[in-house]
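S.K.: Before anything else, here's the structure in question.
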Amino acid sequence: MPQNYKRKVGPSQQFKYSPESMRNAISAYKQNKGTLRKIAERFNVPKSTLSEKVRGVRKNKHGGQPALQPDQEESLAAGLIKLAEWGFPLRSRDVRDVVQSHLNRIGSRSKIFKDNRPGRDWMTRFFKRHQSLVLRMSQNIKRSRAEIDADTINEYFDNLEVSLAGLPPANIINYDETNFTDDPGNERVIVKRGTRHAERIIDSSKTSTSVMCAFAADGIALPPYVVYKSTYVYDTWTENGIAGAVYMSSKSGWFDMNLFEDWFVRIILPYRKKIVGRMALIGDNLASHVSRNVVEMCEKNDILFILLPPNSTHLTQPADVGVFSPTKKSYRYELGMWKKRNRGVLPKSEFPAMLKRTFEGIPNLAANIKSAFRGCGIVPINRFEVLKRLPGYSQSPEEESVTMNDTLVDFLKTMRSSETAKSTRKKKKISVTPGKVIQLENIPTPPAPKKTKKSKTKPKDPVEEAIRIVDESDTEPADIPVDIHFESNSEKEDDSVADWDSDDQSQSEEEIQDEEENRDLVLREKDYILVKFVTEEDKRDRYFAGYLANILDKNESQFEVQFLRKRVTKKEMYFVYPDVPDVDNVNREQVFSKLELSAERRGRLFFRSFPKIDSNLIS
């Protein structure tokens, strides 16, 4: 049967009698003026129709008969709704498989289905018969998120009510990071009917930029904190953006603990000085978002640091629930308009203005923020806003569950069979009850560093230094210099660079004396140096030649070094800069000696003999 059926033009073949003839026949039968057959012949009406009218029983409906009885369809529709509430909504093809399995089980052979399997037209009519069902695009969530239950939410709100008691909406902040990609996404376009692949010529890539956003419960959006995937931040990458925004960079393009601490100092502490009374900072329990220094600064500035329950941000995080969705929609629109006028990847110099137009293009941003806090049950405190979205939760415990047929239950078992497999769960770095305020005793003390030779200069306390920066300057975050760059101090691990393993594990007196002399080296920017890395596993030394790009502190104890690559031919040995810059921070103790450049030809660097080390052993 076609999806849009049109009735044929002409006289109806269904009713060959007039309604008046049927009424006279019914009246004659009730007056016992003859048998049912004779009365039907006398008034020229169908005997079966007259029988249904006088007895009040109708066997079948007009037209083709359905494969499923009305009670079976009602049970199927109720089961589909219950499956969706449990987090296992079915697709149209799944429903057709269930119907086919049910007909095969009861031994019924449908004349309108091929092999007892309904077609797409049957699904269209099924949705028309059951208006409570509709097709929607689903969003995938992990099983760990689906495991959140009412007990966890109730415990979280019990603690949250105590933590947020008496706080005004302007003093409650929710933060979360998101990324903005260079892909505007797919859109519906107009093409010729029957076109299989509707293609649109537009440049896109997998490039993304991380942005930390923070929102107050009164509808205020704090300045964003942008992190580019780069080694440095250039001035053109910070122009024409949102007032007060901060721009930083990292090798991975994602947030780490150092960047999170810098975000707290540049965005949260200046906002803290503008409000009166205690303040609450609510966020997820990501390890890189929980720092001992941040917790200590929170205690000094009367800020309550509160974590959300694990795997519950889709229910309890206001930024995820009601802010990021319209933000991404506005960003895709702005990016699509830019792609229509330009070619290639969105340059970083255009991103600040793009981000500004994105937030300006959100209608009623303040109303969305307030609605997000209300939908998460934070302002005002209302746990039922979250509980009502949990599968199977009901405020009336006497509510009866919907009964499903055996076929639907079996299909559900096949979908849930993977849950029986045992899975290992990663250990969490922070163990804090959700909704409670984090204190220093909740943060595990970092392990004591292994004994190394002490530096002559005492390092600065990062907490005191961060507080000093905010107290000494009352300017907005935009006035703070943006040329600060955080790099990991992790050990060098580059498989493309060969390393030299020292055969002698013990240092001679001559080597110790050389190292003591190296501490007194006068190092300047643009010097070439030889850096030694000592591995903790095998206690072996590794030597690398590098270019001193920057001195990171006034005491000249921390340096930013760009490392070189060694090349050896039959006639000579030289060094070159790698295609991808290899930059790392080193201590003065790691600087073995200075290198004297003898010649530079076509990007090849030639050094004189290396002190105390055979040139064949340098990488």
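Chain labels follow the order of the structure tokens: the first chain is A, the next B, and so on; residue numbering restarts at 1 in every chain, and ligands are counted from 1 in their shown order.
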Could you name the residues that touch Pro118 in chain A at 10 Å or less, counting only C-alpha atoms, but leaving out those on the same chain fewer than 6 positions away, as a PyMOL selection string?

M.R.: chain A and resi 67+93+95-100+110+112

S.K.: Find the distance between CA of Asp151 in chain A and CA of Leu90 in chain A and write it in Å to one decimal.

M.R.: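 Separation of CA of Asp151 in chain A and CA of Leu90 in chain A: 27.6 Å.
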
S.K.: Check the DSSP output for the backbone and give back, as a PyMOL selection string, the residues of range 40-122 of chain A in helix (DSSP H, G or I).

M.R.: chain A and resi 40-43+47-55+70-85+92-106+120-122

S.K.: Could you save those same residues with N, CA and C atoms as a compact mmCIF listing (two decimals), in the first residue's frame?

M.R.:
```
# COMPACT_ATOMS: atom_id res chain seq x y z
N ALA A 40 -33.10 -9.60 5.15
CA ALA A 40 -31.99 -9.02 4.38
C ALA A 40 -32.29 -9.05 2.90
N GLU A 41 -32.93 -10.12 2.41
CA GLU A 41 -33.26 -10.20 0.98
C GLU A 41 -34.37 -9.22 0.62
N ARG A 42 -35.35 -9.05 1.54
CA ARG A 42 -36.48 -8.18 1.23
C ARG A 42 -36.04 -6.72 1.15
N PHE A 43 -35.15 -6.28 2.07
CA PHE A 43 -34.71 -4.87 2.07
C PHE A 43 -33.39 -4.65 1.31
N LYS A 47 -26.56 -9.57 4.70
CA LYS A 47 -26.98 -10.33 5.87
C LYS A 47 -25.97 -10.18 7.01
N SER A 48 -24.66 -10.18 6.71
CA SER A 48 -23.65 -10.08 7.77
C SER A 48 -23.69 -8.71 8.44
N THR A 49 -23.92 -7.67 7.62
CA THR A 49 -23.99 -6.33 8.21
C THR A 49 -25.23 -6.18 9.09
N LEU A 50 -26.37 -6.76 8.63
CA LEU A 50 -27.58 -6.69 9.43
C LEU A 50 -27.40 -7.45 10.74
N SER A 51 -26.68 -8.58 10.68
CA SER A 51 -26.45 -9.36 11.90
C SER A 51 -25.61 -8.57 12.90
N GLU A 52 -24.58 -7.86 12.42
CA GLU A 52 -23.73 -7.06 13.31
C GLU A 52 -24.52 -5.90 13.93
N LYS A 53 -25.44 -5.34 13.15
CA LYS A 53 -26.20 -4.19 13.65
C LYS A 53 -27.18 -4.60 14.75
N VAL A 54 -27.90 -5.68 14.52
CA VAL A 54 -28.94 -6.06 15.48
C VAL A 54 -28.35 -6.71 16.72
N ARG A 55 -27.22 -7.38 16.59
CA ARG A 55 -26.63 -8.04 17.75
C ARG A 55 -25.58 -7.18 18.47
N PRO A 70 -5.54 -4.77 18.49
CA PRO A 70 -5.41 -3.48 19.18
C PRO A 70 -4.71 -3.57 20.53
N ASP A 71 -5.01 -4.62 21.31
CA ASP A 71 -4.35 -4.74 22.61
C ASP A 71 -2.86 -5.01 22.45
N GLN A 72 -2.47 -5.75 21.38
CA GLN A 72 -1.06 -6.01 21.15
C GLN A 72 -0.32 -4.72 20.75
N GLU A 73 -0.95 -3.90 19.91
CA GLU A 73 -0.34 -2.64 19.53
C GLU A 73 -0.21 -1.70 20.73
N GLU A 74 -1.20 -1.67 21.58
CA GLU A 74 -1.13 -0.82 22.77
C GLU A 74 0.01 -1.28 23.69
N SER A 75 0.14 -2.58 23.83
CA SER A 75 1.24 -3.11 24.65
C SER A 75 2.59 -2.78 24.04
N LEU A 76 2.68 -2.85 22.71
CA LEU A 76 3.93 -2.53 22.04
C LEU A 76 4.28 -1.05 22.21
N ALA A 77 3.28 -0.17 22.06
CA ALA A 77 3.53 1.26 22.21
C ALA A 77 3.96 1.60 23.63
N ALA A 78 3.30 1.00 24.62
CA ALA A 78 3.68 1.24 26.01
C ALA A 78 5.08 0.72 26.29
N GLY A 79 5.43 -0.41 25.71
CA GLY A 79 6.77 -0.96 25.91
C GLY A 79 7.84 -0.08 25.29
N LEU A 80 7.56 0.51 24.13
CA LEU A 80 8.54 1.40 23.50
C LEU A 80 8.79 2.63 24.36
N ILE A 81 7.76 3.16 24.98
CA ILE A 81 7.93 4.31 25.86
C ILE A 81 8.76 3.94 27.07
N LYS A 82 8.51 2.76 27.64
CA LYS A 82 9.27 2.33 28.82
C LYS A 82 10.73 2.07 28.46
N LEU A 83 10.99 1.50 27.30
CA LEU A 83 12.38 1.29 26.88
C LEU A 83 13.13 2.60 26.73
N ALA A 84 12.47 3.62 26.19
CA ALA A 84 13.11 4.92 26.06
C ALA A 84 13.43 5.52 27.42
N GLU A 85 12.54 5.32 28.41
CA GLU A 85 12.81 5.82 29.75
C GLU A 85 13.98 5.10 30.39
N SER A 92 13.33 2.36 14.24
CA SER A 92 12.20 1.85 13.47
C SER A 92 12.45 0.42 13.01
N ARG A 93 13.65 0.14 12.57
CA ARG A 93 13.96 -1.22 12.13
C ARG A 93 13.92 -2.21 13.28
N ASP A 94 14.24 -1.75 14.50
CA ASP A 94 14.15 -2.63 15.66
C ASP A 94 12.69 -3.00 15.94
N VAL A 95 11.80 -2.03 15.83
CA VAL A 95 10.38 -2.29 16.06
C VAL A 95 9.86 -3.29 15.03
N ARG A 96 10.28 -3.15 13.79
CA ARG A 96 9.84 -4.11 12.76
C ARG A 96 10.38 -5.50 13.04
N ASP A 97 11.59 -5.59 13.59
CA ASP A 97 12.13 -6.90 13.97
C ASP A 97 11.34 -7.52 15.11
N VAL A 98 10.91 -6.67 16.06
CA VAL A 98 10.12 -7.19 17.19
C VAL A 98 8.79 -7.74 16.69
N VAL A 99 8.13 -7.00 15.79
CA VAL A 99 6.85 -7.48 15.25
C VAL A 99 7.04 -8.79 14.49
N GLN A 100 8.08 -8.89 13.69
CA GLN A 100 8.34 -10.13 12.96
C GLN A 100 8.59 -11.29 13.91
N SER A 101 9.36 -11.05 14.96
CA SER A 101 9.64 -12.11 15.93
C SER A 101 8.37 -12.55 16.64
N HIS A 102 7.49 -11.58 16.96
CA HIS A 102 6.25 -11.92 17.65
C HIS A 102 5.33 -12.75 16.75
N LEU A 103 5.19 -12.38 15.49
CA LEU A 103 4.33 -13.15 14.58
C LEU A 103 4.88 -14.54 14.35
N ASN A 104 6.19 -14.67 14.27
CA ASN A 104 6.78 -16.00 14.12
C ASN A 104 6.57 -16.86 15.36
N ARG A 105 6.59 -16.24 16.52
CA ARG A 105 6.44 -16.99 17.76
C ARG A 105 5.03 -17.56 17.90
N ILE A 106 4.02 -16.75 17.55
CA ILE A 106 2.63 -17.22 17.71
C ILE A 106 2.18 -18.05 16.51
N ARG A 120 8.22 0.01 5.88
CA ARG A 120 8.27 1.37 6.40
C ARG A 120 6.89 2.04 6.38
N ASP A 121 6.03 1.66 5.45
CA ASP A 121 4.69 2.23 5.42
C ASP A 121 3.89 1.84 6.66
N TRP A 122 4.10 0.61 7.12
CA TRP A 122 3.40 0.18 8.33
C TRP A 122 3.85 1.02 9.52
```

S.K.: Name the residues in contact with Ala353 in chain A at a cut-off of 10 Å, using only C-alpha atoms, excluding same-chain residues fewer than 3 positions from it; report them as a VMD selection string.

M.R.: chain A and resid 237 to 242 348 to 350 356 to 358

S.K.: Would you list the contacts of Lys339 in chain A as a PDB file with N, CA and C atoms, in the first residue's frame, taking every protein, DNA or RNA residue within 12 Å and counting only C-alpha atoms, but skipping same-chain residues closer than 5 positions in sequence?

M.R.:
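Once written, result_2.pdb looks like this:
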```pdb
ATOM      1  N   ASP A 182      36.537  23.442  13.787  1.00  0.00           N
ATOM      2  CA  ASP A 182      36.542  24.162  12.518  1.00  0.00           C
ATOM      3  C   ASP A 182      35.517  23.575  11.541  1.00  0.00           C
ATOM      4  N   ASP A 183      34.622  22.738  12.003  1.00  0.00           N
ATOM      5  CA  ASP A 183      33.628  22.094  11.153  1.00  0.00           C
ATOM      6  C   ASP A 183      32.246  22.684  11.454  1.00  0.00           C
ATOM      7  N   PRO A 184      31.605  23.364  10.499  1.00  0.00           N
ATOM      8  CA  PRO A 184      30.276  23.931  10.770  1.00  0.00           C
ATOM      9  C   PRO A 184      29.174  22.903  10.856  1.00  0.00           C
ATOM     10  N   GLY A 185      29.449  21.633  10.532  1.00  0.00           N
ATOM     11  CA  GLY A 185      28.453  20.584  10.635  1.00  0.00           C
ATOM     12  C   GLY A 185      27.598  20.448   9.384  1.00  0.00           C
ATOM     13  N   ARG A 200      28.029  19.443  -0.256  1.00  0.00           N
ATOM     14  CA  ARG A 200      28.197  20.891  -0.208  1.00  0.00           C
ATOM     15  C   ARG A 200      29.686  21.197  -0.157  1.00  0.00           C
ATOM     16  N   ILE A 201      30.154  22.055  -1.053  1.00  0.00           N
ATOM     17  CA  ILE A 201      31.578  22.392  -1.115  1.00  0.00           C
ATOM     18  C   ILE A 201      31.876  23.417  -0.035  1.00  0.00           C
ATOM     19  N   ILE A 202      32.595  22.980   0.995  1.00  0.00           N
ATOM     20  CA  ILE A 202      32.966  23.863   2.097  1.00  0.00           C
ATOM     21  C   ILE A 202      34.188  23.273   2.785  1.00  0.00           C
ATOM     22  N   ASP A 203      35.155  24.110   3.116  1.00  0.00           N
ATOM     23  CA  ASP A 203      36.382  23.643   3.763  1.00  0.00           C
ATOM     24  C   ASP A 203      36.132  23.419   5.242  1.00  0.00           C
ATOM     25  N   SER A 204      36.676  22.320   5.758  1.00  0.00           N
ATOM     26  CA  SER A 204      36.567  22.022   7.182  1.00  0.00           C
ATOM     27  C   SER A 204      37.760  21.174   7.585  1.00  0.00           C
ATOM     28  N   SER A 205      38.043  21.151   8.864  1.00  0.00           N
ATOM     29  CA  SER A 205      39.158  20.372   9.398  1.00  0.00           C
ATOM     30  C   SER A 205      38.811  19.929  10.806  1.00  0.00           C
ATOM     31  N   ARG A 332      28.167  27.528  15.099  1.00  0.00           N
ATOM     32  CA  ARG A 332      28.114  26.873  13.788  1.00  0.00           C
ATOM     33  C   ARG A 332      27.531  27.800  12.722  1.00  0.00           C
ATOM     34  N   TYR A 333      26.571  28.618  13.117  1.00  0.00           N
ATOM     35  CA  TYR A 333      26.010  29.574  12.162  1.00  0.00           C
ATOM     36  C   TYR A 333      27.057  30.607  11.751  1.00  0.00           C
ATOM     37  N   GLU A 334      27.744  31.185  12.733  1.00  0.00           N
ATOM     38  CA  GLU A 334      28.769  32.190  12.431  1.00  0.00           C
ATOM     39  C   GLU A 334      29.903  31.581  11.622  1.00  0.00           C
ATOM     40  N   GLY A 344      39.610  27.748   3.246  1.00  0.00           N
ATOM     41  CA  GLY A 344      40.605  27.225   4.165  1.00  0.00           C
ATOM     42  C   GLY A 344      40.122  27.146   5.602  1.00  0.00           C
ATOM     43  N   VAL A 345      41.083  26.876   6.504  1.00  0.00           N
ATOM     44  CA  VAL A 345      40.807  26.708   7.924  1.00  0.00           C
ATOM     45  C   VAL A 345      40.658  28.075   8.587  1.00  0.00           C
ATOM     46  N   LEU A 346      39.770  28.155   9.559  1.00  0.00           N
ATOM     47  CA  LEU A 346      39.599  29.397  10.303  1.00  0.00           C
ATOM     48  C   LEU A 346      40.897  29.743  11.022  1.00  0.00           C
ATOM     49  N   PRO A 347      41.556  30.858  10.687  1.00  0.00           N
ATOM     50  CA  PRO A 347      42.812  31.204  11.367  1.00  0.00           C
ATOM     51  C   PRO A 347      42.573  31.618  12.804  1.00  0.00           C
ATOM     52  N   GLU A 350      41.226  35.045  13.623  1.00  0.00           N
ATOM     53  CA  GLU A 350      39.794  35.304  13.458  1.00  0.00           C
ATOM     54  C   GLU A 350      38.954  34.728  14.590  1.00  0.00           C
ATOM     55  N   MET A 354      35.186  35.737  16.168  1.00  0.00           N
ATOM     56  CA  MET A 354      34.163  34.718  15.953  1.00  0.00           C
ATOM     57  C   MET A 354      33.496  34.337  17.275  1.00  0.00           C
TER      58      MET A 354
END
```

S.K.: Kindly give the distance, in Å, that separates CA of Tyr577 in chain A and CA of Arg604 in chain A, rounded to a single decimal.

M.R.: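 So the answer is 8.3 Å.
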